[in-house]
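Coordinates as given in input.cif (mmCIF, C-alpha atoms (C1' of nucleotides)):
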```
data_work
#
loop_
_atom_site.label_atom_id
_atom_site.label_comp_id
_atom_site.auth_asym_id
_atom_site.auth_seq_id
_atom_site.Cartn_x
_atom_site.Cartn_y
_atom_site.Cartn_z
CA MET C 27 11.81 74.91 27.51
CA SER C 28 10.00 71.76 26.59
CA TYR C 29 6.32 71.33 27.12
CA PRO C 30 4.62 68.03 27.70
CA GLY C 31 2.51 68.42 24.61
CA LEU C 32 5.44 67.80 22.35
CA MET C 33 5.41 64.13 23.05
CA ALA C 34 1.73 63.96 22.21
CA ILE C 35 2.51 65.03 18.67
CA ASP C 36 5.19 62.39 18.37
CA ARG C 37 2.85 59.82 19.85
CA ASP C 38 0.33 60.25 17.07
CA ALA C 39 2.92 60.12 14.35
CA VAL C 40 4.53 57.05 15.85
CA LEU C 41 1.18 55.36 16.31
CA LYS C 42 0.37 56.00 12.69
CA ALA C 43 3.64 54.46 11.62
CA ALA C 44 3.05 51.53 13.93
CA VAL C 45 -0.32 50.91 12.33
CA THR C 46 1.25 50.89 8.89
CA VAL C 47 3.78 48.29 9.90
CA LEU C 48 1.77 46.19 12.32
CA SER C 49 -1.35 45.81 10.18
CA ARG C 50 0.77 43.85 7.70
CA GLN C 51 3.20 42.25 10.05
CA PRO C 52 1.93 41.89 13.60
CA THR C 53 5.27 40.41 14.62
CA ALA C 54 7.37 43.26 13.26
CA HIS C 55 10.35 44.20 15.40
CA LEU C 56 10.50 47.46 17.28
CA ASP C 57 13.49 48.44 15.18
CA GLU C 58 11.32 48.29 12.09
CA ILE C 59 8.55 50.34 13.67
CA ALA C 60 11.04 52.93 14.88
CA ARG C 61 12.62 53.08 11.44
CA VAL C 62 9.28 53.68 9.70
CA ALA C 63 8.38 56.27 12.33
CA GLY C 64 11.65 58.03 11.62
CA ILE C 65 12.93 57.86 15.17
CA SER C 66 15.41 55.74 17.04
CA ARG C 67 14.55 52.71 19.06
CA ALA C 68 15.63 54.65 22.15
CA SER C 69 13.12 57.40 21.49
CA LEU C 70 10.43 54.87 20.76
CA HIS C 71 11.09 53.47 24.19
CA ARG C 72 10.88 56.93 25.68
CA ILE C 73 7.39 57.39 24.27
CA PHE C 74 6.09 53.89 24.96
CA PRO C 75 7.38 51.87 27.89
CA GLY C 76 7.53 48.72 25.83
CA ARG C 77 6.11 46.65 23.06
CA ASP C 78 2.98 45.67 24.94
CA ALA C 79 2.21 49.28 25.72
CA LEU C 80 2.63 50.25 22.07
CA ILE C 81 0.39 47.45 20.82
CA ARG C 82 -2.18 48.36 23.40
CA GLU C 83 -2.12 52.01 22.42
CA VAL C 84 -2.60 51.13 18.78
CA GLY C 85 -5.54 48.96 19.73
CA LEU C 86 -7.04 51.71 21.83
CA LEU C 87 -6.59 54.17 18.99
CA GLY C 88 -8.41 51.82 16.67
CA LEU C 89 -11.31 51.37 19.04
CA ARG C 90 -11.57 55.11 19.65
CA ARG C 91 -11.56 55.85 15.94
CA TYR C 92 -14.16 53.20 15.31
CA ASN C 93 -16.34 54.59 18.04
CA SER C 94 -16.06 58.17 16.89
CA ALA C 95 -16.88 56.99 13.37
CA LEU C 96 -20.12 55.56 14.70
CA ASP C 97 -20.85 58.97 16.20
CA THR C 98 -19.89 60.93 13.12
CA ALA C 99 -22.01 58.73 10.89
CA ALA C 100 -24.87 59.04 13.39
CA ILE C 101 -25.84 55.43 12.95
CA GLU C 102 -28.68 55.75 15.41
CA THR C 103 -30.35 58.36 13.23
CA GLY C 104 -32.48 58.10 10.15
CA ASP C 105 -32.40 55.61 7.32
CA THR C 106 -30.12 52.71 8.15
CA ALA C 107 -28.90 52.07 4.63
CA ALA C 108 -27.90 55.71 4.27
CA ALA C 109 -26.27 55.57 7.68
CA LEU C 110 -24.19 52.61 6.61
CA ARG C 111 -23.03 54.47 3.54
CA ARG C 112 -22.00 57.37 5.77
CA LEU C 113 -20.24 55.00 8.12
CA VAL C 114 -18.21 53.50 5.29
CA GLU C 115 -17.12 56.93 4.10
CA VAL C 116 -15.93 57.84 7.57
CA LEU C 117 -14.33 54.50 8.31
CA VAL C 118 -12.49 53.77 5.09
CA PRO C 119 -9.58 56.13 5.81
CA ASP C 120 -8.93 54.13 8.97
CA ALA C 121 -9.33 50.75 7.30
CA ALA C 122 -5.72 49.80 8.02
CA LEU C 123 -6.35 50.41 11.69
CA CYS C 124 -9.35 48.10 11.58
CA ALA C 125 -7.26 45.54 9.72
CA PHE C 126 -4.87 45.61 12.63
CA LEU C 127 -7.71 45.08 15.09
CA ALA C 128 -9.08 42.20 13.06
CA GLY C 129 -5.76 40.42 13.01
CA GLU C 130 -4.80 40.98 16.62
CA ASN C 131 -7.17 38.74 18.51
CA GLN C 132 -4.69 38.41 21.32
CA LEU C 133 -5.33 42.05 22.01
CA PHE C 134 -8.61 41.23 23.68
CA ASP C 135 -6.89 39.60 26.59
CA ASP C 136 -6.90 43.09 28.04
CA PRO C 137 -10.16 43.45 29.98
CA GLU C 138 -10.48 47.15 29.23
CA LEU C 139 -10.04 46.77 25.49
CA CYS C 140 -12.28 43.74 25.46
CA ALA C 141 -15.03 45.65 27.27
CA LEU C 142 -14.66 48.60 24.93
CA TRP C 143 -14.92 46.36 21.90
CA GLU C 144 -17.91 44.53 23.28
CA GLU C 145 -19.67 47.82 23.92
CA GLN C 146 -19.08 49.09 20.42
CA ASP C 147 -19.94 45.83 18.77
CA ALA C 148 -23.21 45.79 20.66
CA ARG C 149 -23.89 49.23 19.26
CA VAL C 150 -23.28 48.06 15.72
CA ARG C 151 -25.37 44.96 16.25
CA ALA C 152 -28.20 47.14 17.51
CA PHE C 153 -27.82 49.24 14.40
CA PHE C 154 -28.21 46.26 12.09
CA LEU C 155 -31.08 44.98 14.18
CA ARG C 156 -32.85 48.31 13.77
CA GLY C 157 -32.23 48.15 10.06
CA GLN C 158 -33.80 44.72 9.96
CA GLN C 159 -36.81 45.82 11.95
CA GLU C 160 -37.29 48.78 9.67
CA GLY C 161 -37.15 46.52 6.63
CA ALA C 162 -33.89 47.84 5.24
CA PHE C 163 -31.69 44.82 5.96
CA ARG C 164 -32.45 41.20 5.32
CA ILE C 165 -33.78 39.30 8.27
CA GLU C 166 -32.42 35.94 7.17
CA LEU C 167 -28.93 37.02 8.22
CA PRO C 168 -28.22 37.42 11.95
CA ALA C 169 -27.41 40.97 13.00
CA GLY C 170 -24.28 39.69 14.71
CA TRP C 171 -23.08 38.17 11.48
CA LEU C 172 -23.77 41.37 9.57
CA SER C 173 -21.76 43.29 12.13
CA GLU C 174 -18.84 40.90 11.99
CA ALA C 175 -18.88 40.50 8.23
CA PHE C 176 -18.91 44.25 7.81
CA PHE C 177 -15.83 44.56 9.95
CA ASP C 178 -14.10 41.73 8.10
CA LEU C 179 -14.73 43.42 4.77
CA LEU C 180 -13.52 46.70 6.17
CA ALA C 181 -10.31 45.00 7.27
CA GLY C 182 -10.07 43.44 3.83
CA VAL C 183 -10.27 46.88 2.29
CA GLY C 184 -7.46 48.00 4.59
CA TRP C 185 -5.21 45.15 3.49
CA ALA C 186 -6.07 45.52 -0.18
CA VAL C 187 -5.40 49.25 -0.18
CA GLN C 188 -2.12 48.89 1.65
CA ASP C 189 -0.91 46.30 -0.84
CA GLY C 190 -2.04 48.35 -3.79
CA ARG C 191 -4.65 45.84 -4.88
CA LEU C 192 -7.42 48.36 -4.41
CA ALA C 193 -7.32 52.08 -5.12
CA PRO C 194 -8.22 54.22 -2.09
CA ARG C 195 -10.51 56.15 -4.37
CA ASP C 196 -12.56 53.06 -5.13
CA SER C 197 -12.47 51.47 -1.71
CA ALA C 198 -15.58 53.08 -0.23
CA PHE C 199 -17.64 52.20 -3.27
CA ALA C 200 -16.32 48.64 -3.37
CA LEU C 201 -17.12 48.09 0.29
CA THR C 202 -20.54 49.72 0.30
CA GLU C 203 -21.78 48.13 -2.89
CA LEU C 204 -20.59 44.64 -2.12
CA PHE C 205 -21.84 44.66 1.44
CA LEU C 206 -25.20 46.22 0.72
CA GLY C 207 -25.91 44.90 -2.74
CA GLY C 208 -23.91 41.70 -2.98
CA ALA C 209 -21.96 40.30 -5.90
CA LEU C 210 -24.99 39.12 -7.84
CA ARG C 211 -26.19 41.25 -10.68
CA ARG C 212 -29.91 42.02 -10.52
CA SER C 213 -31.67 40.64 -13.50
CA THR C 214 -32.79 43.61 -15.55
CA SER C 215 -33.97 41.58 -18.50
CA MET A 15 7.74 -3.00 13.29
CA SER A 16 6.94 0.56 12.46
CA TYR A 17 6.03 1.63 8.99
CA PRO A 18 6.60 5.10 7.57
CA GLY A 19 2.90 5.68 7.16
CA LEU A 20 2.39 5.96 10.87
CA MET A 21 3.95 9.38 11.04
CA ALA A 22 1.74 10.55 8.19
CA ILE A 23 -1.31 9.92 10.36
CA ASP A 24 0.21 11.92 13.17
CA ARG A 25 1.14 14.67 10.76
CA ASP A 26 -2.44 15.25 9.72
CA ALA A 27 -3.74 15.20 13.28
CA VAL A 28 -1.02 17.59 14.40
CA LEU A 29 -1.61 19.89 11.47
CA LYS A 30 -5.29 19.99 12.30
CA ALA A 31 -4.49 20.92 15.87
CA ALA A 32 -2.02 23.52 14.69
CA VAL A 33 -4.68 25.13 12.52
CA THR A 34 -7.04 25.31 15.47
CA VAL A 35 -4.49 27.11 17.57
CA LEU A 36 -2.71 29.21 14.97
CA SER A 37 -5.78 30.56 13.23
CA ARG A 38 -6.64 32.38 16.43
CA GLN A 39 -3.18 33.01 17.76
CA PRO A 40 -0.50 33.11 15.09
CA THR A 41 2.15 33.64 17.75
CA ALA A 42 1.16 30.65 19.85
CA HIS A 43 4.08 28.76 21.36
CA LEU A 44 5.00 25.31 20.22
CA ASP A 45 4.19 24.03 23.71
CA GLU A 46 0.60 25.13 23.22
CA ILE A 47 0.33 23.50 19.81
CA ALA A 48 1.83 20.28 21.12
CA ARG A 49 -0.56 20.33 24.06
CA VAL A 50 -3.62 20.74 21.84
CA ALA A 51 -2.31 18.04 19.52
CA GLY A 52 -1.97 15.74 22.50
CA ILE A 53 1.72 15.06 22.03
CA SER A 54 4.91 16.29 23.63
CA ARG A 55 7.03 19.08 22.32
CA ALA A 56 9.73 16.52 21.61
CA SER A 57 7.46 14.51 19.36
CA LEU A 58 6.24 17.64 17.64
CA HIS A 59 9.82 18.40 16.85
CA ARG A 60 10.32 14.87 15.57
CA ILE A 61 7.51 15.35 13.05
CA PHE A 62 8.37 18.90 12.01
CA PRO A 63 11.98 20.10 12.06
CA GLY A 64 10.99 23.42 13.53
CA ARG A 65 8.44 26.15 13.83
CA ASP A 66 9.00 27.51 10.35
CA ALA A 67 8.50 24.08 8.85
CA LEU A 68 5.26 23.62 10.75
CA ILE A 69 3.88 26.99 9.73
CA ARG A 70 4.86 26.31 6.16
CA GLU A 71 3.16 22.93 6.17
CA VAL A 72 -0.03 24.43 7.53
CA GLY A 73 0.09 27.06 4.83
CA LEU A 74 0.66 24.44 2.17
CA LEU A 75 -2.20 22.39 3.51
CA GLY A 76 -4.45 25.41 3.28
CA LEU A 77 -3.47 26.15 -0.27
CA ARG A 78 -3.93 22.54 -1.31
CA ARG A 79 -7.36 22.36 0.29
CA TYR A 80 -8.38 25.62 -1.33
CA ASN A 81 -7.20 24.40 -4.70
CA SER A 82 -8.94 21.05 -4.44
CA ALA A 83 -12.09 22.89 -3.38
CA LEU A 84 -11.93 24.84 -6.63
CA ASP A 85 -11.71 21.51 -8.44
CA THR A 86 -14.48 19.85 -6.47
CA ALA A 87 -16.80 22.77 -7.03
CA ALA A 88 -15.87 22.77 -10.71
CA ILE A 89 -15.83 26.55 -10.84
CA GLU A 90 -14.93 26.54 -14.50
CA THR A 91 -18.13 24.73 -15.35
CA GLY A 92 -21.67 25.93 -15.80
CA ASP A 93 -23.54 28.71 -14.06
CA THR A 94 -21.19 30.86 -12.03
CA ALA A 95 -23.62 31.69 -9.25
CA ALA A 96 -24.37 28.02 -8.73
CA ALA A 97 -20.66 27.27 -8.85
CA LEU A 98 -20.05 29.79 -6.10
CA ARG A 99 -22.70 28.17 -3.94
CA ARG A 100 -20.99 24.83 -4.48
CA LEU A 101 -17.64 26.36 -3.66
CA VAL A 102 -18.92 27.73 -0.37
CA GLU A 103 -20.32 24.36 0.63
CA VAL A 104 -16.99 22.69 -0.04
CA LEU A 105 -14.89 25.43 1.51
CA VAL A 106 -16.77 26.19 4.70
CA PRO A 107 -15.48 23.13 6.59
CA ASP A 108 -11.98 24.46 6.02
CA ALA A 109 -12.82 28.03 6.91
CA ALA A 110 -10.46 28.02 9.87
CA LEU A 111 -7.63 27.04 7.57
CA CYS A 112 -8.45 29.97 5.31
CA ALA A 113 -8.62 32.23 8.35
CA PHE A 114 -5.08 31.18 9.11
CA LEU A 115 -3.99 31.98 5.57
CA ALA A 116 -5.67 35.37 5.69
CA GLY A 117 -3.89 36.34 8.87
CA GLU A 118 -0.46 35.06 7.99
CA ASN A 119 0.75 37.51 5.39
CA GLN A 120 4.33 36.80 6.31
CA LEU A 121 3.80 33.33 4.93
CA PHE A 122 4.09 34.64 1.41
CA ASP A 123 7.77 35.34 1.83
CA ASP A 124 8.20 31.79 0.66
CA PRO A 125 8.46 31.91 -3.13
CA GLU A 126 6.81 28.54 -3.61
CA LEU A 127 3.80 29.35 -1.45
CA CYS A 128 3.54 32.79 -2.99
CA ALA A 129 3.53 31.33 -6.49
CA LEU A 130 0.94 28.76 -5.51
CA TRP A 131 -1.30 31.42 -4.05
CA GLU A 132 -0.91 33.67 -7.04
CA GLU A 133 -1.85 30.82 -9.34
CA GLN A 134 -4.98 29.97 -7.40
CA ASP A 135 -6.01 33.56 -6.93
CA ALA A 136 -5.72 34.08 -10.67
CA ARG A 137 -8.03 31.13 -11.12
CA VAL A 138 -10.62 32.62 -8.79
CA ARG A 139 -10.29 36.03 -10.43
CA ALA A 140 -10.88 34.41 -13.80
CA PHE A 141 -13.94 32.74 -12.35
CA PHE A 142 -15.44 36.04 -11.21
CA LEU A 143 -14.50 37.65 -14.50
CA ARG A 144 -16.35 34.91 -16.34
CA GLY A 145 -19.34 35.45 -14.10
CA GLN A 146 -19.28 39.13 -14.92
CA GLN A 147 -19.03 38.49 -18.64
CA GLU A 148 -21.93 36.09 -18.45
CA GLY A 149 -24.01 38.66 -16.64
CA ALA A 150 -24.18 36.83 -13.33
CA PHE A 151 -21.93 39.12 -11.28
CA ARG A 152 -21.97 42.89 -11.13
CA ILE A 153 -19.47 44.57 -13.38
CA GLU A 154 -19.08 47.65 -11.19
CA LEU A 155 -16.97 45.65 -8.75
CA PRO A 156 -13.49 44.57 -9.89
CA ALA A 157 -13.07 40.80 -10.17
CA GLY A 158 -9.96 41.07 -8.02
CA TRP A 159 -11.93 42.72 -5.28
CA LEU A 160 -14.65 40.07 -5.47
CA SER A 161 -12.01 37.38 -5.14
CA GLU A 162 -10.37 39.04 -2.17
CA ALA A 163 -13.60 39.97 -0.43
CA PHE A 164 -14.85 36.43 -0.80
CA PHE A 165 -11.76 35.11 0.87
CA ASP A 166 -12.00 37.70 3.65
CA LEU A 167 -15.58 36.71 4.37
CA LEU A 168 -14.61 33.06 4.32
CA ALA A 169 -11.91 33.79 6.88
CA GLY A 170 -14.47 35.74 8.88
CA VAL A 171 -16.70 32.69 8.92
CA GLY A 172 -13.77 30.64 10.17
CA TRP A 173 -13.13 33.01 13.07
CA ALA A 174 -16.79 33.37 13.94
CA VAL A 175 -17.39 29.64 13.98
CA GLN A 176 -14.31 28.96 16.06
CA ASP A 177 -15.37 31.52 18.64
CA GLY A 178 -18.92 30.25 18.70
CA ARG A 179 -20.42 33.42 17.28
CA LEU A 180 -21.76 31.57 14.26
CA ALA A 181 -23.20 28.06 14.14
CA PRO A 182 -21.39 25.80 11.67
CA ARG A 183 -24.79 24.79 10.42
CA ASP A 184 -25.60 28.36 9.40
CA SER A 185 -22.20 29.37 8.13
CA ALA A 186 -22.57 28.33 4.50
CA PHE A 187 -25.90 30.08 4.20
CA ALA A 188 -24.61 33.23 5.91
CA LEU A 189 -21.60 33.42 3.63
CA THR A 190 -23.40 32.63 0.39
CA GLU A 191 -26.34 34.91 0.98
CA LEU A 192 -24.36 37.88 2.18
CA PHE A 193 -21.76 37.64 -0.53
CA LEU A 194 -24.16 37.03 -3.38
CA GLY A 195 -27.19 38.97 -2.25
CA GLY A 196 -25.82 41.61 0.08
CA ALA A 197 -27.25 42.92 3.31
CA LEU A 198 -29.94 45.03 1.72
CA ARG A 199 -33.44 43.69 1.64
CA ARG A 200 -35.01 43.78 -1.78
CA SER A 201 -38.07 45.97 -1.80
CA THR A 202 -41.03 43.66 -2.31
CA SER A 203 -43.61 46.33 -1.74
"C1'" DC Z 7 27.29 82.40 22.04
"C1'" DT Z 8 25.82 79.36 26.20
"C1'" DC Z 9 23.53 76.03 28.28
"C1'" DA Z 10 19.69 72.93 29.06
"C1'" DT Z 11 17.21 69.46 26.74
"C1'" DT Z 12 16.48 66.02 23.49
"C1'" DT Z 13 17.84 62.63 20.33
"C1'" DG Z 14 20.39 58.82 18.23
"C1'" DA Z 15 23.87 55.32 18.11
"C1'" DG Z 16 25.66 51.77 20.32
"C1'" DA Z 17 26.95 48.75 24.09
"C1'" DC Z 18 25.48 45.92 27.21
"C1'" DA Z 19 22.11 42.65 30.28
"C1'" DT Z 20 17.96 39.98 30.32
"C1'" DC Z 21 14.35 37.20 29.05
"C1'" DC Z 22 12.07 33.71 26.60
"C1'" DA Z 23 10.98 30.65 22.77
"C1'" DT Z 24 13.31 27.53 20.22
"C1'" DG Z 25 16.28 23.74 19.18
"C1'" DT Z 26 18.98 19.73 20.95
"C1'" DC Z 27 19.99 16.14 23.86
"C1'" DT Z 28 19.48 12.40 27.33
"C1'" DC Z 29 17.12 8.96 29.74
"C1'" DA Z 30 13.47 6.48 31.84
"C1'" DG Z 31 8.90 4.44 30.89
"C1'" DC Z 32 5.70 2.44 27.82
"C1'" DT Z 33 4.28 -0.38 24.01
"C1'" DG Z 34 4.01 -3.92 20.78
"C1'" DA Z 35 5.98 -7.59 18.06
"C1'" DG Z 36 8.08 -11.96 18.39
"C1'" DC L 26 8.96 -12.80 28.86
"C1'" DT L 27 12.47 -10.04 25.97
"C1'" DC L 28 13.85 -6.55 23.45
"C1'" DA L 29 13.71 -2.94 20.00
"C1'" DG L 30 11.61 1.29 19.12
"C1'" DC L 31 8.76 5.08 20.18
"C1'" DT L 32 7.30 8.64 23.41
"C1'" DG L 33 7.32 12.09 27.08
"C1'" DA L 34 9.53 14.74 30.61
"C1'" DG L 35 13.06 17.47 31.61
"C1'" DA L 36 17.67 19.65 31.45
"C1'" DC L 37 20.55 22.46 28.77
"C1'" DA L 38 22.45 25.52 25.15
"C1'" DT L 39 21.40 29.02 21.78
"C1'" DG L 40 19.72 32.95 19.46
"C1'" DG L 41 17.28 36.90 18.90
"C1'" DA L 42 14.24 40.54 20.47
"C1'" DT L 43 13.55 43.43 24.19
"C1'" DG L 44 14.66 46.56 27.91
"C1'" DT L 45 18.22 49.66 30.02
"C1'" DC L 46 22.03 52.43 30.09
"C1'" DT L 47 25.68 55.87 28.65
"C1'" DC L 48 27.53 59.44 25.98
"C1'" DA L 49 28.27 62.41 22.14
"C1'" DA L 50 25.91 65.23 18.75
"C1'" DA L 51 22.08 68.02 17.48
"C1'" DT L 52 18.62 71.27 18.73
"C1'" DG L 53 16.71 75.39 20.34
"C1'" DA L 54 15.57 78.97 23.68
"C1'" DG L 55 17.59 82.89 25.95
#
```
Represent the supplied structure as structure tokens.
Amino acid sequence: MSYPGLMAIDRDAVLKAAVTVLSRQPTAHLDEIARVAGISRASLHRIFPGRDALIREVGLLGLRRYNSALDTAAIETGDTAAALRRLVEVLVPDAALCAFLAGENQLFDDPELCALWEEQDARVRAFFLRGQQEGAFRIELPAGWLSEAFFDLLAGVGWAVQDGRLAPRDSAFALTELFLGGALRRSTS
Amino acid sequence: MSYPGLMAIDRDAVLKAAVTVLSRQPTAHLDEIARVAGISRASLHRIFPGRDALIREVGLLGLRRYNSALDTAAIETGDTAAALRRLVEVLVPDAALCAFLAGENQLFDDPELCALWEEQDARVRAFFLRGQQEGAFRIELPAGWLSEAFFDLLAGVGWAVQDGRLAPRDSAFALTELFLGGALRRSTS
DNA sequence: CTCATTTGAGACATCCATGTCTCAGCTGAG
DNA sequence: CTCAGCTGAGACATGGATGTCTCAAATGAG
């Protein structure tokens, strides 16, 4: 007998494969995605009704992961700089997923996804605003820009890691240090 | 009588329109690009043989602008931090073009474009390496990562400005300050 | 083993963007 | 005005990805 849960397992594996392919090549064919996922195009169609549905699911997965990362890092709690370091640690493994989100602007035509994103982005903006009010983050830079730039760098980490230009081991450090401390060396003379 | 130069004028205007559309929606139809450019699809096809040719031209334009920006900013000359500030000033007006480049990974299938990019990226990497050796940039962060992160942030500026989330007037400051100084406020207590 | 279920390979049909063509209208030089 | 050339609108063909189907092979429970 087959139980409905079986497909759920496949779904996750397929979604993961889809992220791998789509984050680099948003226009990749379904054949390619199916190949990387190790299933046939027919089975891919059995799991997801069509391309749009697949893309949407990947987007939803990304937003859910991002949101749960905000929870796990407890960004509303305690020192904001420390919270950001936690957030990076949690988020870096899903950097490719965020890279996909960053590159797929068309995805926000969907009202539900758009609303979800807006909600989460507001949360991150509020986080940076709190950090500014508490004196941790610079006030010359708009909180909205900090939020967006952080996400852009996260996506950049995702691309760099996938292409082998950045070691996964170093990615969290590279992101945290550059974003928080900047490229400029502090004069220690 | 018509002179060959006339089409060159149209080319630039069309390319500019194409950048506007494609940087946000890489899969935009030619009809949409033609509409934004204010010409018919037929004329668009008269200027560029096809979609691939158009995309390629936009990519080439981006690479050329990026390269000439490196020249204009004279990144091989003098203080590296000051050079980076100059580079940002020169590059920010073309941020949308860089956003297009950042999102169009498939573009580097073309050997010529790929070689051009590699050449320019090496130049930027050398710039950051020089800055590190001169004590201006932090040595904990790989020069390659600095180069890539800079470009990612530049693309982020392009997207943010196009969507009205960042004022063009503030974009150079936002980019320079975040990249060089980071988000963390220096303790002045 | 037996049978129900699932999967994969392939053959279609369909849709849509692209590429090509024609022709009428406009423009600008003479 | 006259005419050559450019442009836009639209029709049409084409190609390629997608969506749907069938059937044989593999799987796996009993």
Distance in Å - CA of Ala169 (chain C) versus CA of Glu203 (chain C):
18.3 Å
Report as a list of chain:residue names the full result of the PyMOL selection byres ((chain L and resi 29-32) around 12) when it is applied to this structure.
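That expression, the PyMOL selection byres ((chain L and resi 29-32) around 12), corresponds here to A:Met15, A:Ser16, A:Tyr17, A:Leu20, A:Met21, A:Gly52, A:Ile53, A:Ser54, A:Arg55, A:Ala56, A:Ser57, A:Leu58, A:Arg60, Z:DC29, Z:DA30, Z:DG31, Z:DC32, Z:DT33, Z:DG34, Z:DA35, Z:DG36, L:DT27, L:DC28, L:DG33, L:DA34.
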For Glu132 (chain A), find every residue with an atom within 12 Å (counting all atoms listed in the file), except residues of its own chain fewer than 6 positions away, and show them as a PyMOL selection string.
chain A and resi 77+81+122+125-126+138-139+158+161-162
What does the structure give for the distance between C1' of DC46 (chain L) and CA of Thr46 (chain C), in Å to one decimal?
29.7 Å
Hey, list the chain L side of the contact with chain C: 8 Å cut-off, all atoms listed in the file, answer as a ChimeraX atom specification.
/L:42,44,54
Name every residue that the PyMOL selection byres ((chain C) within 6 of (chain A)) selects in this structure, writing the answer as a list in words with chains first and numbers rising.
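When the PyMOL selection byres ((chain C) within 6 of (chain A)) is applied, the selected residues are Ala162, Phe163, Arg164, Phe205, Leu206, Gly207, Gly208, Ala209, Leu210 and Arg211 of chain C.
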Output file for the residues above (C-alpha atoms, as a CSV table (one decimal), in the frame of the given file):
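Heads up, here's the output in selection_25.csv:
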```
chain,number,residue,atom,x,y,z
C,162,ALA,CA,-33.9,47.8,5.2
C,163,PHE,CA,-31.7,44.8,6.0
C,164,ARG,CA,-32.4,41.2,5.3
C,205,PHE,CA,-21.8,44.7,1.4
C,206,LEU,CA,-25.2,46.2,0.7
C,207,GLY,CA,-25.9,44.9,-2.7
C,208,GLY,CA,-23.9,41.7,-3.0
C,209,ALA,CA,-22.0,40.3,-5.9
C,210,LEU,CA,-25.0,39.1,-7.8
C,211,ARG,CA,-26.2,41.2,-10.7
```
Closest-contact table, chain Z side, partner chain C, 9 Å, counting all atoms listed in the file, as JSON lines:
```
{"residue": "Z:DA10", "atom": "C1'", "partner": "C:Met27", "partner_atom": "CA", "distance": 8.3}
{"residue": "Z:DT11", "atom": "C1'", "partner": "C:Ser28", "partner_atom": "CA", "distance": 7.6}
{"residue": "Z:DT13", "atom": "C1'", "partner": "C:Ser69", "partner_atom": "CA", "distance": 7.1}
{"residue": "Z:DG14", "atom": "C1'", "partner": "C:Ser66", "partner_atom": "CA", "distance": 6.0}
{"residue": "Z:DA15", "atom": "C1'", "partner": "C:Ser66", "partner_atom": "CA", "distance": 8.5}
```
Length of the CA of Glu133 (chain A) to CA of Ser82 (chain A) vector [Å]
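For CA of Glu133 (chain A) relative to CA of Ser82 (chain A), the distance reads 13.0 Å.
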Calculate, to one decimal in Å, the centre and edge lengths of the box along x, y and z of the file that holds all listed atoms of region 173-176 of chain A with 6 Å of margin on each side, and present them as lines of an AutoDock Vina configuration file.
```
center_x = -15.3
center_y = 31.2
center_z = 14.6
size_x = 16.3
size_y = 16.4
size_z = 15.0
```
Protein and nucleic acid residues near (26.2, 56.6, 30.9) (cut-off 12 Å, only C-alpha atoms (C1' of nucleotides)) as a CSV table (one decimal) with C-alpha atoms (C1' of nucleotides), keeping the file's coordinate frame:
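Final output, part.csv:
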```
chain,number,residue,atom,x,y,z
Z,16,DG,C1',25.7,51.8,20.3
Z,17,DA,C1',27.0,48.8,24.1
Z,18,DC,C1',25.5,45.9,27.2
L,45,DT,C1',18.2,49.7,30.0
L,46,DC,C1',22.0,52.4,30.1
L,47,DT,C1',25.7,55.9,28.6
L,48,DC,C1',27.5,59.4,26.0
L,49,DA,C1',28.3,62.4,22.1
```
Using all atoms listed in the file and a cutoff of 10 Å, can you tell me which residues are near (20.6, 30.2, 24.2) in the file's coordinates, and write them out as an mmCIF file with C-alpha atoms (C1' of nucleotides), keeping the file's coordinate frame?
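Generated output (part_7.cif):
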```
data_model
loop_
_atom_site.group_PDB
_atom_site.id
_atom_site.type_symbol
_atom_site.label_atom_id
_atom_site.label_comp_id
_atom_site.auth_asym_id
_atom_site.auth_seq_id
_atom_site.Cartn_x
_atom_site.Cartn_y
_atom_site.Cartn_z
ATOM 1 C "C1'" DC Z 22 12.070 33.710 26.600
ATOM 2 C "C1'" DA Z 23 10.980 30.650 22.770
ATOM 3 C "C1'" DT Z 24 13.310 27.530 20.220
ATOM 4 C "C1'" DG Z 25 16.280 23.740 19.180
ATOM 5 C "C1'" DC L 37 20.550 22.460 28.770
ATOM 6 C "C1'" DA L 38 22.450 25.520 25.150
ATOM 7 C "C1'" DT L 39 21.400 29.020 21.780
ATOM 8 C "C1'" DG L 40 19.720 32.950 19.460
ATOM 9 C "C1'" DG L 41 17.280 36.900 18.900
#
```
Could you state which residues are captured by the PyMOL selection byres ((chain C and resi 87) around 12) in this file, as a ChimeraX atom specification?
/C:37-38,40-42,44-45,80-86,88-94,120,122-124,126-127,139,142-143
